[in-house]
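Asks: Dropping in coords06.cif, with mmCIF, C-alpha atoms.
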data_model
loop_
_atom_site.label_atom_id
_atom_site.label_comp_id
_atom_site.auth_asym_id
_atom_site.auth_seq_id
_atom_site.Cartn_x
_atom_site.Cartn_y
_atom_site.Cartn_z
CA TYR A 171 43.67 -173.74 163.48
CA GLY A 172 40.70 -174.82 161.39
CA SER A 173 39.21 -172.45 158.86
CA VAL A 174 35.98 -171.77 157.05
CA TYR A 175 36.67 -170.49 153.55
CA ILE A 176 34.53 -167.76 152.01
CA SER A 177 34.25 -166.71 148.38
CA ALA A 178 32.77 -163.42 147.17
CA ASP A 179 33.29 -164.05 143.44
CA SER A 180 31.29 -167.19 142.61
CA ALA A 181 33.90 -169.56 144.09
CA LYS A 182 36.82 -168.35 141.93
CA HIS A 183 38.90 -167.30 144.95
CA TRP A 184 38.66 -168.17 148.63
CA THR A 185 39.67 -166.43 151.84
CA ALA A 186 40.17 -168.16 155.16
CA SER A 187 37.93 -166.99 157.96
CA ASN A 188 39.22 -168.26 161.29
CA SER A 189 39.18 -165.30 163.65
CA GLY A 190 38.08 -166.72 166.98
CA PHE A 191 38.53 -170.39 166.13
CA SER A 192 40.40 -172.38 168.75
CA CYS A 193 40.08 -175.75 167.01
CA SER A 194 41.99 -177.57 164.30
CA VAL A 195 39.21 -179.70 162.80
CA ILE A 196 35.86 -178.62 161.31
CA ARG A 197 33.56 -181.45 160.23
CA ALA A 198 30.19 -179.79 159.52
CA LEU A 199 28.64 -176.48 158.46
CA ALA A 200 25.10 -175.11 158.65
CA ILE A 201 23.42 -171.75 158.06
CA ASP A 202 20.15 -170.34 159.36
CA ALA A 203 18.83 -166.79 159.10
CA GLY A 204 22.28 -165.43 158.22
CA VAL A 205 24.01 -167.16 161.14
CA LEU A 206 26.81 -169.63 160.35
CA TYR A 207 27.47 -172.70 162.48
CA ALA A 208 30.60 -174.88 162.34
CA GLY A 209 30.87 -178.28 164.00
CA THR A 210 34.36 -178.75 165.44
CA GLN A 211 36.30 -181.27 167.51
CA SER A 212 35.36 -179.43 170.69
CA GLY A 213 31.79 -178.24 170.04
CA VAL A 214 30.19 -175.59 167.85
CA SER A 215 31.51 -172.25 166.62
CA ILE A 216 29.11 -169.50 165.57
CA SER A 217 29.45 -166.45 163.33
CA SER A 218 26.81 -163.72 163.06
CA ASP A 219 28.74 -161.50 160.64
CA GLY A 220 29.10 -163.65 157.55
CA GLY A 221 32.12 -165.57 158.84
CA GLU A 222 34.28 -162.56 159.74
CA HIS A 223 34.49 -163.56 163.40
CA TRP A 224 33.66 -166.73 165.30
CA ARG A 225 32.92 -167.61 168.91
CA ASP A 226 33.15 -171.08 170.42
CA VAL A 227 30.28 -172.46 172.47
CA SER A 228 30.32 -175.63 174.55
CA LEU A 229 27.52 -178.16 174.39
CA ASN A 230 26.06 -178.17 177.88
CA GLY A 231 29.53 -177.69 179.39
CA ARG A 232 31.01 -180.63 177.48
CA GLU A 233 33.79 -180.82 174.94
CA VAL A 234 32.15 -182.76 172.10
CA PHE A 235 33.44 -183.71 168.64
CA VAL A 236 30.54 -182.64 166.41
CA ASP A 237 30.10 -184.74 163.27
CA ALA A 238 26.79 -183.37 161.96
CA LEU A 239 24.86 -180.09 162.17
CA VAL A 240 21.39 -178.95 161.18
CA ALA A 241 20.06 -175.42 161.74
CA LYS A 242 16.48 -174.43 160.94
CA ASN A 243 14.21 -171.67 162.24
CA GLY A 244 16.41 -170.97 165.26
CA MET A 245 16.60 -174.64 166.22
CA VAL A 246 20.09 -176.17 165.96
CA TYR A 247 20.96 -179.87 166.27
CA ALA A 248 24.52 -181.13 166.75
CA GLY A 249 25.28 -184.84 166.50
CA SER A 250 28.33 -186.62 167.85
CA SER A 251 29.29 -190.24 167.24
CA HIS A 252 30.32 -190.71 170.87
CA ASN A 253 28.23 -188.22 172.84
CA GLY A 254 24.75 -188.28 171.31
CA LEU A 255 22.50 -185.52 170.06
CA PHE A 256 22.39 -181.95 171.39
CA ARG A 257 19.77 -179.29 170.70
CA SER A 258 19.69 -175.52 170.98
CA THR A 259 16.42 -173.59 170.84
CA ASP A 260 18.04 -170.15 170.94
CA GLY A 261 20.37 -170.14 167.95
CA GLY A 262 23.25 -171.89 169.66
CA SER A 263 23.59 -169.85 172.86
CA THR A 264 22.56 -172.69 175.16
CA TRP A 265 22.42 -176.44 174.58
CA SER A 266 20.84 -179.52 176.10
CA LYS A 267 21.36 -183.21 175.43
CA VAL A 268 18.13 -184.73 174.16
CA ASN A 269 18.73 -188.48 173.86
CA GLU A 270 20.23 -189.68 177.13
CA ASP A 271 18.39 -193.00 176.90
CA SER A 272 18.55 -193.52 173.15
CA LEU A 273 20.58 -196.10 171.32
CA TYR A 274 24.28 -195.55 170.72
CA TRP A 275 24.59 -192.61 168.36
CA ALA A 276 26.17 -193.37 165.01
CA GLU A 277 28.40 -190.96 163.14
CA SER A 278 25.85 -189.91 160.58
CA GLU A 279 24.05 -187.06 158.92
CA ILE A 280 21.03 -185.50 160.62
CA PHE A 281 18.06 -184.78 158.36
CA VAL A 282 15.19 -182.51 159.37
CA THR A 283 11.94 -182.18 157.44
CA GLY A 284 9.03 -180.37 159.06
CA ASP A 285 8.83 -181.58 162.66
CA SER A 286 10.60 -184.86 161.90
CA ILE A 287 14.27 -185.64 162.56
CA PHE A 288 15.92 -188.62 160.89
CA THR A 289 19.28 -190.21 161.59
CA MET A 290 20.97 -193.60 161.77
CA GLN A 291 21.87 -195.06 165.14
CA GLY A 292 24.41 -197.67 166.17
CA ASP A 293 22.37 -200.70 165.10
CA ARG A 294 22.38 -199.44 161.46
CA HIS A 295 18.66 -198.69 161.33
CA VAL A 296 17.12 -195.34 160.38
CA TYR A 297 15.39 -193.68 163.34
CA LEU A 298 12.77 -190.93 163.51
CA SER A 299 11.97 -188.42 166.23
CA ILE A 300 8.85 -186.24 166.17
CA ASP A 301 9.46 -184.56 169.55
CA SER A 302 12.70 -182.64 168.92
CA GLY A 303 14.93 -185.65 169.61
CA ARG A 304 13.65 -186.72 173.04
CA ASN A 305 12.27 -190.05 171.79
CA TRP A 306 13.14 -192.14 168.77
CA MET A 307 11.29 -194.73 166.71
CA GLN A 308 12.95 -197.27 164.45
CA ARG A 309 11.80 -196.49 160.91
CA SER A 310 13.70 -198.95 158.75
CA VAL A 311 13.36 -202.72 158.63
CA GLN A 312 16.65 -203.07 156.76
CA GLN A 313 20.06 -202.44 158.23
CA PHE A 314 22.37 -200.24 156.19
CA SER A 315 24.93 -197.52 156.75
CA VAL A 316 23.90 -193.88 156.27
CA LEU A 317 26.36 -191.10 155.58
CA ALA A 318 23.96 -188.65 153.93
CA PHE A 319 20.25 -187.89 153.50
CA CYS A 320 18.34 -185.74 151.05
CA ALA A 321 14.75 -185.35 149.82
CA VAL A 322 13.17 -184.45 146.49
CA HIS A 323 9.70 -184.86 144.97
CA GLY A 324 8.35 -186.47 148.12
CA TYR A 325 11.06 -189.15 148.26
CA MET A 326 13.72 -189.49 150.92
CA PHE A 327 17.17 -190.73 149.94
CA ALA A 328 19.83 -192.24 152.19
CA ALA A 329 23.33 -193.12 151.04
CA GLY A 330 26.27 -194.95 152.56
CA TYR A 331 28.69 -197.79 152.03
CA ASP A 332 25.82 -200.24 151.40
CA GLY A 333 24.44 -198.23 148.48
CA ILE A 334 21.76 -195.63 147.77
CA PHE A 335 18.30 -196.21 149.27
CA ARG A 336 14.95 -194.50 148.68
CA SER A 337 11.80 -194.26 150.79
CA SER A 338 8.37 -193.11 149.64
CA ASP A 339 6.56 -193.60 152.97
CA GLY A 340 8.35 -191.30 155.38
CA GLY A 341 11.29 -193.58 156.07
CA ASN A 342 9.51 -196.80 157.03
CA ARG A 343 10.48 -198.87 154.00
CA TRP A 344 13.70 -198.32 152.08
CA ASP A 345 14.41 -199.74 148.63
CA CYS A 346 17.97 -200.10 147.35
CA MET A 347 18.18 -198.02 144.17
CA SER A 348 21.90 -198.56 143.57
CA ALA A 349 24.43 -200.93 145.10
CA LEU A 350 27.24 -198.42 144.55
CA ALA A 351 28.60 -196.96 147.77
CA ALA A 352 28.03 -193.21 148.12
CA ILE A 353 29.37 -190.89 150.80
CA ASP A 354 27.32 -187.75 150.16
CA LEU A 355 24.12 -186.60 148.44
CA ALA A 356 22.89 -183.33 146.95
CA ASN A 357 19.97 -182.19 144.81
CA ASP A 358 18.89 -179.13 142.87
CA GLY A 359 15.18 -179.66 143.45
CA GLU A 360 14.89 -181.87 140.38
CA MET A 361 17.96 -184.09 140.01
CA VAL A 362 19.77 -186.11 142.69
CA PHE A 363 23.57 -186.27 142.82
CA ALA A 364 25.48 -188.98 144.68
CA LEU A 365 29.19 -188.72 145.43
CA THR A 366 31.26 -191.89 145.45
CA GLU A 367 34.53 -192.01 147.33
CA THR A 368 36.73 -192.99 144.40
CA GLY A 369 34.45 -193.34 141.37
CA GLY A 370 33.07 -189.92 140.60
CA VAL A 371 29.56 -188.45 140.61
CA LEU A 372 26.33 -190.36 140.01
CA LEU A 373 23.27 -188.52 138.66
CA SER A 374 19.59 -189.47 138.65
CA ILE A 375 16.99 -187.52 136.69
CA ASN A 376 14.08 -189.85 137.57
CA ASP A 377 13.97 -189.81 141.37
CA GLY A 378 16.59 -192.50 141.81
CA VAL A 379 15.10 -195.15 139.51
CA THR A 380 18.26 -195.14 137.38
CA TRP A 381 21.69 -193.63 137.93
CA THR A 382 24.25 -192.43 135.42
CA ARG A 383 27.91 -191.92 136.17
CA SER A 384 28.20 -188.32 135.05
CA SER A 385 31.94 -188.26 135.47
CA THR A 386 35.06 -189.84 136.81
CA TRP A 387 37.36 -187.69 138.90
CA PRO A 388 38.84 -184.59 137.34
CA THR A 389 42.23 -185.27 135.78
CA HIS A 390 44.62 -184.43 138.55
CA PRO A 391 47.58 -186.44 139.84
CA GLY A 392 46.94 -188.10 143.16
CA ILE A 393 43.22 -187.42 143.72
CA TRP A 394 42.07 -190.44 145.67
CA PHE A 395 39.22 -189.65 148.01
CA ALA A 396 36.18 -187.40 147.78
CA THR A 397 34.75 -185.71 150.87
CA ALA A 398 31.67 -183.64 149.98
CA ILE A 399 29.33 -182.57 147.18
CA ALA A 400 27.09 -179.51 146.92
CA VAL A 401 24.85 -178.06 144.22
CA HIS A 402 24.10 -174.36 143.77
CA GLY A 403 21.84 -173.58 140.84
CA LYS A 404 23.23 -175.71 138.04
CA THR A 405 26.80 -175.76 139.38
CA VAL A 406 28.11 -178.89 141.07
CA PHE A 407 30.93 -178.60 143.63
CA VAL A 408 33.13 -181.47 144.83
CA SER A 409 35.95 -181.51 147.36
CA ALA A 410 38.59 -184.25 147.51
CA TYR A 411 42.04 -184.97 148.87
CA ASP A 412 45.04 -187.03 147.80
CA GLY A 413 47.19 -189.57 149.62
CA PHE A 414 49.27 -186.78 151.12
CA GLY A 415 46.24 -185.01 152.61
CA ILE A 416 46.36 -182.17 150.06
CA GLY A 417 42.82 -180.94 149.42
CA THR A 418 41.31 -179.75 146.16
CA VAL A 419 37.95 -178.21 145.22
CA TRP A 420 36.30 -178.50 141.80
CA SER A 421 33.22 -177.14 140.07
CA SER A 422 31.25 -178.29 137.03
CA ASN A 423 28.64 -176.40 135.02
CA ASP A 424 27.73 -179.35 132.76
CA LEU A 425 26.57 -181.96 135.29
CA GLY A 426 30.05 -183.30 135.87
CA VAL A 427 31.26 -183.80 132.30
CA THR A 428 34.06 -181.27 132.70
CA TRP A 429 35.58 -179.78 135.85
CA THR A 430 37.41 -176.60 136.80
CA SER A 431 39.74 -176.26 139.75
CA ILE A 432 38.48 -173.57 142.15
CA ASP A 433 40.79 -174.06 145.12
CA ASP A 434 42.65 -170.75 144.80
CA GLY A 435 43.16 -169.61 148.39
CA THR A 436 42.35 -172.85 150.19
CA ASN A 437 46.07 -173.67 150.43
CA GLY A 438 45.58 -177.40 149.98
CA THR A 439 43.28 -177.71 152.97
CA ASP A 440 41.25 -180.91 153.20
CA ILE A 441 37.69 -179.56 152.88
CA ALA A 442 35.24 -181.69 154.86
CA ALA A 443 31.93 -179.88 154.31
#
Hey, can you dump this file as structure tokens for me?

Replies:
Amino acid sequence: YGSVYISADSAKHWTASNSGFSCSVIRALAIDAGVLYAGTQSGVSISSDGGEHWRDVSLNGREVFVDALVAKNGMVYAGSSHNGLFRSTDGGSTWSKVNEDSLYWAESEIFVTGDSIFTMQGDRHVYLSIDSGRNWMQRSVQQFSVLAFCAVHGYMFAAGYDGIFRSSDGGNRWDCMSALAAIDLANDGEMVFALTETGGVLLSINDGVTWTRSSTWPTHPGIWFATAIAVHGKTVFVSAYDGFGIGTVWSSNDLGVTWTSIDDGTNGTDIAA
């Protein structure tokens, strides 16, 4: 079965938490008011005790492969590349589908800021909803893939296989800030980090105007593909896997110049989020 891994010692050691999981794949994680949400191949699993125990919930009676999750102020959104967008207004207890008539949903990140929800749909445009996902407006003139969103200093960033894009007007116009493909984004409130699939971590200290390759991959035989990046304080975390599907997790305290393996306890699991 799939697992969520928890560390109580600043990511030095990890313990699998899978009590109650009935799935084998976990693609997304979110947290809101102490409640953990995991997007799985059959719906959403929820833990109210710090990950000790989990319960599976169906999305409006459907078995849905959840690719993206956002949880904020009791509102939870779950996106699926084949089944659309679902919303819960009660912390995940009940769900409703909110975009029956929208365009084909693309496997993409969901980004929520204030009352606005952004995502990319099947025509490779960025779309905005201001009514909790019931209606969508096309907000990008350009077509580009989006695998991750983030925001800092009033700018929105979107990254995917077509490069890294930035918007200063709420997602209407997007300027390409880097042609390098990026699969995930993170920020610490000041700097923006972009994860490339095979080329390391890119760093911008000037709101995306210029990007510096802060590192190549940590020296480790067989690391081929990255999966996710996160920043906590001044520590950068990256997960990756090799050609045999063996996962590794790394941390850096110097903006990616040097890396330390922190996958003790993950047992080679491919970490997706």

Asks: Any idea what the distance is between atom CA of A:Leu206 and atom CA of A:Asp219?

Replies: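 That distance, rounded to one decimal, is 8.4 Å.
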
Asks: Find the residues around stretch 318-327 of chain A up to 12 Å (only C-alpha atoms counted), leave out those fewer than 6 positions away in its own chain, and share them as a PyMOL selection string.

Replies: chain A and resi 237-240+277-284+287-290+296+333-348+351-366+374-379+397-400+443

Asks: Using the chain letters and numbers from the file, which residues does the PyMOL selection byres ((chain A and resi 177) around 12) grab, as a VMD selection string?

Replies: chain A and resid 174 to 176 178 to 187 220 to 221 432 to 436

Asks: Separation of atom CA of A:Ile441 and atom CA of A:Thr382, in Å?

Replies: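 About the pair atom CA of A:Ile441 and atom CA of A:Thr382: they are 25.5 Å apart.
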
Asks: Find the axis-aligned box for stretch 283-301 of chain A, covering all its listed atoms and adding 3 Å on each side, and write its centre and edge lengths in Å to one decimal as JSON.

Replies:
{"center_x": 16.6, "center_y": -190.5, "center_z": 163.5, "size_x": 21.6, "size_y": 26.3, "size_z": 18.1}

Asks: Looking at A:Asp285, A:Asp332, A:Asp424, A:Glu233, which one is nearest to A:Phe256, with distances taken over only C-alpha atoms?

Replies: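 Looking at the shortest contact to A:Phe256, the residue is A:Glu233.
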
Asks: For atom CA of A:Arg309 and atom CA of A:Ala329, determine how far apart the two atoms are, in Å to one decimal place.

Replies: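 Calculated distance between atom CA of A:Arg309 and atom CA of A:Ala329 is 15.5 Å.
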
Asks: Evaluate the PyMOL selection byres ((chain A and resi 218) around 10) against this structure - the residues, as a ChimeraX atom specification, please.

Replies: /A:203-207,216-217,219-225

Asks: Let me know the residues the PyMOL selection byres ((chain A and resi 192) around 9) catches in the file above, as a VMD selection string.

Replies: chain A and resid 171 to 172 188 to 191 193 to 194 212 225 to 226

Asks: Neighbours of A:Phe314 within 8 Å (all atoms listed in the file; same-chain residues fewer than 6 positions away dropped), as a PyMOL selection string?

Replies: chain A and resi 294-295+330-332

Asks: Identify which of the residues A:Val236, A:Val214, A:Ile201, A:Ile300 lies closest to A:Thr264, counting only C-alpha atoms when measuring atom-to-atom distances.

Replies: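 Residue with the minimum atom-to-atom distance to A:Thr264: A:Val214.
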
Asks: List as a PDB file with C-alpha atoms, in the coordinates of the input the residues having at least one atom at most 10 Å from position (19.9, -173.8, 169.2) as given in the file, counting only C-alpha atoms.

Replies:
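Written output follows (point18.pdb):
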ATOM      1  CA  VAL A 240      21.390-178.950 161.180  1.00  0.00           C
ATOM      2  CA  ALA A 241      20.060-175.420 161.740  1.00  0.00           C
ATOM      3  CA  LYS A 242      16.480-174.430 160.940  1.00  0.00           C
ATOM      4  CA  ASN A 243      14.210-171.670 162.240  1.00  0.00           C
ATOM      5  CA  GLY A 244      16.410-170.970 165.260  1.00  0.00           C
ATOM      6  CA  MET A 245      16.600-174.640 166.220  1.00  0.00           C
ATOM      7  CA  VAL A 246      20.090-176.170 165.960  1.00  0.00           C
ATOM      8  CA  TYR A 247      20.960-179.870 166.270  1.00  0.00           C
ATOM      9  CA  ALA A 248      24.520-181.130 166.750  1.00  0.00           C
ATOM     10  CA  PHE A 256      22.390-181.950 171.390  1.00  0.00           C
ATOM     11  CA  ARG A 257      19.770-179.290 170.700  1.00  0.00           C
ATOM     12  CA  SER A 258      19.690-175.520 170.980  1.00  0.00           C
ATOM     13  CA  THR A 259      16.420-173.590 170.840  1.00  0.00           C
ATOM     14  CA  ASP A 260      18.040-170.150 170.940  1.00  0.00           C
ATOM     15  CA  GLY A 261      20.370-170.140 167.950  1.00  0.00           C
ATOM     16  CA  GLY A 262      23.250-171.890 169.660  1.00  0.00           C
ATOM     17  CA  SER A 263      23.590-169.850 172.860  1.00  0.00           C
ATOM     18  CA  THR A 264      22.560-172.690 175.160  1.00  0.00           C
ATOM     19  CA  TRP A 265      22.420-176.440 174.580  1.00  0.00           C
ATOM     20  CA  SER A 266      20.840-179.520 176.100  1.00  0.00           C
TER      21      SER A 266
END

Asks: Excluding A:Leu255 and any residue of its chain fewer than 5 positions from it, enumerate the residues within 7 Å of it, using all atoms listed in the file, and give them as a list of chain:residue names.

Replies: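 My list of contacting residues is A:Tyr247, A:Ala248, A:Gly249, A:Ser250, A:Lys267, A:Val268, A:Asn269.
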
Asks: Which is closest to A:Val419 among A:Ser315, A:Ser215, A:Thr439, A:Ser310, if we use only C-alpha atoms?

Replies: A:Thr439
